[in-house]
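Okay, structure first, notes after.
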Amino acid sequence: MWAASCLASCCAACACNACTTVVSGISRRSARIAYCGLFALSLMVSWILREVAAPLMEQLPWINHFHKTPDREWFETDAVLRVSLGNFLFFTILAVMMVGVKKQKDPRDSLHHGGWMAKVVCWCLLVIFMFFLPNEIVSFYESISKFGSGLFLLVQVVLLLDFVHGWNDKWVGYNEQFWYAALFVVSFVCYVGTFAFSGLLFHWFTASGQDCGLNTFFIVMTLIFAFVFAIVALHPAVNGSILPASVISLYCMYLCYSGLASEPREYECNGLHRHSKAVSTSALTVGLLTTVLSVVYSAVRAGSSTTLLSPPSSPRADKPLLPLDNKSSEHEEKDKAKPVTYSYSFFHIIFSLASMYSAMLLTGWSTSVGESGKLVDVGWPSVWVRILTGWATAGLYIWSLAAPILFPDREF
């Protein structure tokens with residue numbers, strides 16, 4: 001018994017030293033990746049508790065206070081929502097604390113990039129504390145998570161538009177024949193992919209002998225958007241490029257596929273689920289990995305986007321045009337702290353919204369999770385969220401082309 005106690009103490013000390021070494025090795029440049037890793041950890045914890053925590057939660061009187069014990073799926077959904085709530089509060093608190101940080105000399109800059117051991121401990125305590133909250137609070141969080149998830153998808157769309165327009169401007173800026181040819185090739189490939197993808201969607205989701213008018217409507221609408229994008233982009237008044245139109249067309253078709261693939265398994269028009277009885281562990285893993293990559297891209301892209309997150313202050317703006325004393329001016333310039341390169345507050349808001357979005361994915365948007373309790377992102381709410389996101393993407397892209405014409409003197 002004494003030997004076992006000593007062994008446990010040594011293991012705990014080694015684990016603590018290992019964690020301390022890891023967090024101390026996080027540099028200023030790798031802080032954003034560390035936050036992404038913490039979010040990935042929250043997703044793993046949600047997945048694990050979703051699979052194993054239901055029997056334990058059934059024994060907790062402040063959670064299972066019903067006259068009739070709910071199904072296992074209810075406790076699985078509740079476990080995911082509680083972990084998500086803790087993650088949401090963690091990043092929301094950081095977002096509030098980082099409001100107004102403009103200079104690296106601000107003490108909160110060090111808090112954003114350092115103190116990782118304390119952050120991990122606080123995150124763990126927050127997640128654990130969520131399992132002592134009453135069900136009413138978790139239910140309220142579930143309701144607002146649907147809206148937060150929609151905002152996260154909207155942010156993704158805005159970042160995608162910013163990326164595509166920046167990509168096009170960069171290649172056009174080279175003003176060389178090679179890059180113009182590259183623009184044409186990429187645009188051609190994207191359009192071929194769009195129409196080939198639409199053919200597969202007709203094959204998979206419009207079963208012969210079934211009334212699949214809704215699925216046909218979704219696919220045809222997406223094809224119409226693709227044609228409208230090209231017409232508007234090439235209109236003489238717009239004088240746009242075909243590259244953004246082709247990339248957005250392919251993305252909208254992907255969103256259409258994602259929405260149709262989320263249709264309930266028993267729906268006769270869903271050809272993907274017609275021949276499978278359950279979603280395998282590998283499919284679940286792929287779904288979670290896709291979510292992590294999506295969130296990482298959104299967070300890193302948001303952290304470096306000049307369109308959305310340009311700091312309001314600029315060193316050049318504060319510099320006098322006609323300095324009277326060069327020495328004092330140089331001294332003040334050295335003492336002046338460098339401005340932050342992105343908005344820390346908005347960066348954490350991305351993770352707050354992503355926490356809601358991941359919870360909705362793992363719980364099927366809080367609908368029935370299926371017979372085995374292992375379906376991810378399946379159900380009619382998920383279908384409509386993806387389809388409406390595709391339509392919102394189309395509207396925002398057309399607006400990005402029309403706004404300069406309608407408001408030539410705009411400052412946005």
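Residue numbering restarts at 1 in every chain; chains get A, B, ... in the order shown in the structure tokens, and ligands count up from 1 in that same order.
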
Please provide as a PyMOL selection string all residues within 12 Å of region 174-184 of chain A, with the sequence filter that same-chain residues fewer than 6 positions apart are discarded (counting only C-alpha atoms).
-> chain A and resi 164+167-168+190-191+241-247

All residues 12 Å or closer to Ser208 (chain A), only C-alpha atoms, same chain fewer than 3 positions away omitted, as a PyMOL selection string | chain A and resi 202-205+211-213+216+268-271

Determine which residues of region 66-297 of chain A receive a DSSP assignment of alpha helix (DSSP H), computed from the backbone, and state them as an mmCIF file with C-alpha atoms, in the first residue's frame.
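Result saved to states29.cif:
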```cif
data_model
loop_
_atom_site.group_PDB
_atom_site.id
_atom_site.type_symbol
_atom_site.label_atom_id
_atom_site.label_comp_id
_atom_site.auth_asym_id
_atom_site.auth_seq_id
_atom_site.Cartn_x
_atom_site.Cartn_y
_atom_site.Cartn_z
ATOM 1 C CA ARG A 72 -29.586 7.562 -22.291
ATOM 2 C CA GLU A 73 -29.450 9.993 -25.232
ATOM 3 C CA TRP A 74 -30.713 12.811 -22.998
ATOM 4 C CA PHE A 75 -27.782 12.417 -20.596
ATOM 5 C CA GLU A 76 -25.328 12.205 -23.510
ATOM 6 C CA THR A 77 -26.660 15.484 -24.896
ATOM 7 C CA ASP A 78 -26.588 17.077 -21.434
ATOM 8 C CA ALA A 79 -22.939 16.080 -20.896
ATOM 9 C CA VAL A 80 -21.890 17.656 -24.199
ATOM 10 C CA LEU A 81 -23.805 20.844 -23.449
ATOM 11 C CA ARG A 82 -22.233 21.215 -19.994
ATOM 12 C CA VAL A 83 -18.687 20.855 -21.335
ATOM 13 C CA SER A 84 -19.543 23.280 -24.121
ATOM 14 C CA LEU A 85 -20.963 25.760 -21.601
ATOM 15 C CA GLY A 86 -17.743 25.666 -19.571
ATOM 16 C CA ASN A 87 -15.679 26.185 -22.716
ATOM 17 C CA PHE A 88 -17.978 29.025 -23.816
ATOM 18 C CA LEU A 89 -17.666 30.806 -20.460
ATOM 19 C CA PHE A 90 -13.879 30.401 -20.457
ATOM 20 C CA PHE A 91 -13.401 32.073 -23.833
ATOM 21 C CA THR A 92 -16.137 34.636 -23.224
ATOM 22 C CA ILE A 93 -14.458 35.773 -19.993
ATOM 23 C CA LEU A 94 -11.177 36.124 -21.873
ATOM 24 C CA ALA A 95 -12.940 38.067 -24.644
ATOM 25 C CA VAL A 96 -14.394 40.523 -22.114
ATOM 26 C CA MET A 97 -11.039 40.921 -20.373
ATOM 27 C CA PRO A 107 -0.603 44.027 -19.016
ATOM 28 C CA ARG A 108 -3.478 42.114 -20.550
ATOM 29 C CA ASP A 109 -1.272 41.321 -23.550
ATOM 30 C CA SER A 110 0.867 39.145 -21.291
ATOM 31 C CA LEU A 111 -2.270 37.487 -19.962
ATOM 32 C CA HIS A 112 -3.370 36.666 -23.501
ATOM 33 C CA HIS A 113 -0.049 35.080 -24.437
ATOM 34 C CA TRP A 116 -1.032 28.833 -19.486
ATOM 35 C CA MET A 117 -0.869 26.675 -16.364
ATOM 36 C CA ALA A 118 -3.384 28.934 -14.624
ATOM 37 C CA LYS A 119 -5.566 29.010 -17.746
ATOM 38 C CA VAL A 120 -5.687 25.225 -17.994
ATOM 39 C CA VAL A 121 -6.559 24.934 -14.295
ATOM 40 C CA CYS A 122 -9.310 27.554 -14.642
ATOM 41 C CA TRP A 123 -10.661 25.805 -17.721
ATOM 42 C CA CYS A 124 -10.806 22.463 -15.876
ATOM 43 C CA LEU A 125 -12.521 24.016 -12.865
ATOM 44 C CA LEU A 126 -15.096 25.747 -15.081
ATOM 45 C CA VAL A 127 -15.946 22.525 -16.914
ATOM 46 C CA ILE A 128 -16.259 20.598 -13.636
ATOM 47 C CA PHE A 129 -18.422 23.329 -12.112
ATOM 48 C CA MET A 130 -20.845 23.107 -15.046
ATOM 49 C CA ASN A 135 -30.814 21.758 -15.795
ATOM 50 C CA GLU A 136 -32.652 25.019 -16.462
ATOM 51 C CA ILE A 137 -29.391 26.901 -17.084
ATOM 52 C CA VAL A 138 -28.142 24.202 -19.446
ATOM 53 C CA SER A 139 -31.463 24.241 -21.274
ATOM 54 C CA PHE A 140 -31.203 28.016 -21.728
ATOM 55 C CA TYR A 141 -27.660 27.617 -23.057
ATOM 56 C CA GLU A 142 -28.924 24.999 -25.487
ATOM 57 C CA SER A 143 -31.441 27.498 -26.862
ATOM 58 C CA ILE A 144 -28.955 30.316 -27.403
ATOM 59 C CA SER A 145 -26.383 27.887 -28.863
ATOM 60 C CA LYS A 146 -28.463 27.581 -32.021
ATOM 61 C CA PHE A 147 -28.120 31.326 -32.619
ATOM 62 C CA GLY A 148 -24.437 31.314 -31.667
ATOM 63 C CA SER A 149 -23.789 28.481 -34.106
ATOM 64 C CA GLY A 150 -25.445 30.476 -36.871
ATOM 65 C CA LEU A 151 -23.173 33.428 -36.077
ATOM 66 C CA PHE A 152 -20.136 31.147 -36.228
ATOM 67 C CA LEU A 153 -21.143 29.917 -39.680
ATOM 68 C CA LEU A 154 -21.691 33.523 -40.767
ATOM 69 C CA VAL A 155 -18.205 34.474 -39.584
ATOM 70 C CA GLN A 156 -16.808 31.582 -41.610
ATOM 71 C CA VAL A 157 -18.580 32.903 -44.698
ATOM 72 C CA VAL A 158 -17.201 36.430 -44.202
ATOM 73 C CA LEU A 159 -13.672 35.065 -43.731
ATOM 74 C CA LEU A 160 -14.033 32.944 -46.857
ATOM 75 C CA LEU A 161 -15.135 35.962 -48.903
ATOM 76 C CA ASP A 162 -12.230 37.972 -47.537
ATOM 77 C CA PHE A 163 -9.820 35.159 -48.411
ATOM 78 C CA VAL A 164 -11.148 34.653 -51.947
ATOM 79 C CA HIS A 165 -11.091 38.343 -52.838
ATOM 80 C CA GLY A 166 -7.584 38.661 -51.383
ATOM 81 C CA TRP A 167 -6.431 35.625 -53.366
ATOM 82 C CA ASN A 168 -7.806 37.101 -56.589
ATOM 83 C CA ASP A 169 -6.311 40.558 -55.963
ATOM 84 C CA LYS A 170 -2.894 39.057 -55.248
ATOM 85 C CA TRP A 171 -2.733 37.061 -58.491
ATOM 86 C CA VAL A 172 -4.140 39.907 -60.576
ATOM 87 C CA GLY A 173 -1.618 42.261 -58.972
ATOM 88 C CA TYR A 174 1.260 40.306 -60.481
ATOM 89 C CA GLN A 177 0.340 36.250 -68.312
ATOM 90 C CA PHE A 178 1.189 33.191 -66.217
ATOM 91 C CA TRP A 179 -0.966 34.311 -63.289
ATOM 92 C CA TYR A 180 -3.868 35.186 -65.559
ATOM 93 C CA ALA A 181 -3.653 31.669 -66.978
ATOM 94 C CA ALA A 182 -3.541 30.278 -63.440
ATOM 95 C CA LEU A 183 -6.705 32.242 -62.593
ATOM 96 C CA PHE A 184 -8.451 30.734 -65.593
ATOM 97 C CA VAL A 185 -7.335 27.178 -64.798
ATOM 98 C CA VAL A 186 -8.400 27.348 -61.141
ATOM 99 C CA SER A 187 -11.735 28.905 -62.094
ATOM 100 C CA PHE A 188 -12.338 26.244 -64.745
ATOM 101 C CA VAL A 189 -11.528 23.433 -62.296
ATOM 102 C CA CYS A 190 -13.859 24.915 -59.665
ATOM 103 C CA TYR A 191 -16.739 25.181 -62.123
ATOM 104 C CA VAL A 192 -16.167 21.640 -63.413
ATOM 105 C CA GLY A 193 -16.121 20.457 -59.806
ATOM 106 C CA THR A 194 -19.323 22.368 -59.076
ATOM 107 C CA PHE A 195 -21.295 20.813 -61.939
ATOM 108 C CA ALA A 196 -19.818 17.335 -61.396
ATOM 109 C CA PHE A 197 -20.711 17.609 -57.716
ATOM 110 C CA SER A 198 -24.273 18.601 -58.611
ATOM 111 C CA GLY A 199 -24.567 15.477 -60.765
ATOM 112 C CA LEU A 200 -23.556 13.317 -57.817
ATOM 113 C CA LEU A 201 -26.095 15.087 -55.617
ATOM 114 C CA PHE A 202 -28.867 14.333 -58.102
ATOM 115 C CA HIS A 203 -27.743 10.688 -58.086
ATOM 116 C CA TRP A 204 -27.497 10.358 -54.303
ATOM 117 C CA PHE A 205 -30.409 12.448 -53.077
ATOM 118 C CA GLY A 213 -38.876 17.575 -54.733
ATOM 119 C CA LEU A 214 -37.283 19.320 -51.741
ATOM 120 C CA ASN A 215 -33.851 17.887 -52.487
ATOM 121 C CA THR A 216 -34.227 18.755 -56.176
ATOM 122 C CA PHE A 217 -35.137 22.319 -55.214
ATOM 123 C CA PHE A 218 -32.023 22.656 -53.038
ATOM 124 C CA ILE A 219 -29.689 21.404 -55.785
ATOM 125 C CA VAL A 220 -31.284 23.462 -58.569
ATOM 126 C CA MET A 221 -31.190 26.619 -56.444
ATOM 127 C CA THR A 222 -27.471 26.107 -55.857
ATOM 128 C CA LEU A 223 -26.885 25.673 -59.604
ATOM 129 C CA ILE A 224 -28.818 28.881 -60.263
ATOM 130 C CA PHE A 225 -26.597 30.672 -57.778
ATOM 131 C CA ALA A 226 -23.520 29.449 -59.663
ATOM 132 C CA PHE A 227 -24.819 30.943 -62.927
ATOM 133 C CA VAL A 228 -25.843 34.191 -61.215
ATOM 134 C CA PHE A 229 -22.376 34.543 -59.666
ATOM 135 C CA ALA A 230 -20.722 34.305 -63.095
ATOM 136 C CA ILE A 231 -23.169 36.712 -64.749
ATOM 137 C CA VAL A 232 -22.855 39.355 -62.044
ATOM 138 C CA ALA A 233 -19.055 39.034 -61.773
ATOM 139 C CA ILE A 242 -14.379 34.792 -62.336
ATOM 140 C CA LEU A 243 -12.120 33.221 -59.677
ATOM 141 C CA PRO A 244 -14.117 34.296 -56.600
ATOM 142 C CA ALA A 245 -17.357 33.372 -58.379
ATOM 143 C CA SER A 246 -16.100 29.853 -59.126
ATOM 144 C CA VAL A 247 -14.752 29.239 -55.613
ATOM 145 C CA ILE A 248 -17.950 30.481 -53.949
ATOM 146 C CA SER A 249 -20.008 28.328 -56.337
ATOM 147 C CA LEU A 250 -18.064 25.226 -55.321
ATOM 148 C CA TYR A 251 -18.391 26.128 -51.628
ATOM 149 C CA CYS A 252 -22.164 26.636 -51.942
ATOM 150 C CA MET A 253 -22.456 23.244 -53.633
ATOM 151 C CA TYR A 254 -20.476 21.712 -50.782
ATOM 152 C CA LEU A 255 -22.841 23.299 -48.260
ATOM 153 C CA CYS A 256 -25.763 21.881 -50.231
ATOM 154 C CA TYR A 257 -24.187 18.421 -50.052
ATOM 155 C CA SER A 258 -23.481 18.857 -46.335
ATOM 156 C CA GLY A 259 -27.104 19.783 -45.709
ATOM 157 C CA LEU A 260 -28.521 16.894 -47.754
ATOM 158 C CA ALA A 261 -26.133 14.436 -46.102
ATOM 159 C CA THR A 281 -16.536 5.223 -35.080
ATOM 160 C CA SER A 282 -14.333 6.188 -38.011
ATOM 161 C CA ALA A 283 -17.091 8.384 -39.448
ATOM 162 C CA LEU A 284 -17.526 10.017 -36.051
ATOM 163 C CA THR A 285 -13.773 10.649 -35.881
ATOM 164 C CA VAL A 286 -13.779 12.228 -39.335
ATOM 165 C CA GLY A 287 -16.673 14.479 -38.331
ATOM 166 C CA LEU A 288 -14.874 15.711 -35.218
ATOM 167 C CA LEU A 289 -11.611 16.196 -37.108
ATOM 168 C CA THR A 290 -13.412 18.275 -39.724
ATOM 169 C CA THR A 291 -14.899 20.414 -36.967
ATOM 170 C CA VAL A 292 -11.500 21.000 -35.343
ATOM 171 C CA LEU A 293 -9.897 21.960 -38.665
ATOM 172 C CA SER A 294 -12.775 24.299 -39.456
ATOM 173 C CA VAL A 295 -12.472 26.030 -36.086
ATOM 174 C CA VAL A 296 -8.676 26.246 -36.318
ATOM 175 C CA TYR A 297 -8.922 27.841 -39.760
#
```

re CA of Trp380 (chain A) and CA of Leu396 (chain A): distance 24.1 Å

For CA of Met98 (chain A) and CA of Cys36 (chain A), determine how far apart the two atoms are, in Å to one decimal place.
->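 That distance, rounded to one decimal, is 17.5 Å.
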
Of the candidates A:Phe346, A:Gln210, A:Leu362, A:Gly379, which one gets nearest to Pro264 (chain A) if we count only C-alpha atoms?
->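 Result for the nearest residue to Pro264 (chain A): A:Gly379.
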
Suppose you want the space between CA of Ser42 (chain A) and CA of Pro134 (chain A); what is it in Å?
-> 21.0 Å

Close residues, Ala237 (chain A) itself excluded, 8 Å, only C-alpha atoms, min 2 positions apart in chain, as JSON, numbers by chain = {"A": [235, 239, 405]}

Which is closest to Leu133 (chain A) among A:Ala359, A:Ile63, A:Ile398, A:Val52, if we use only C-alpha atoms?
->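 Looking only at the distances to Leu133 (chain A), the closest residue turns out to be A:Ile63.
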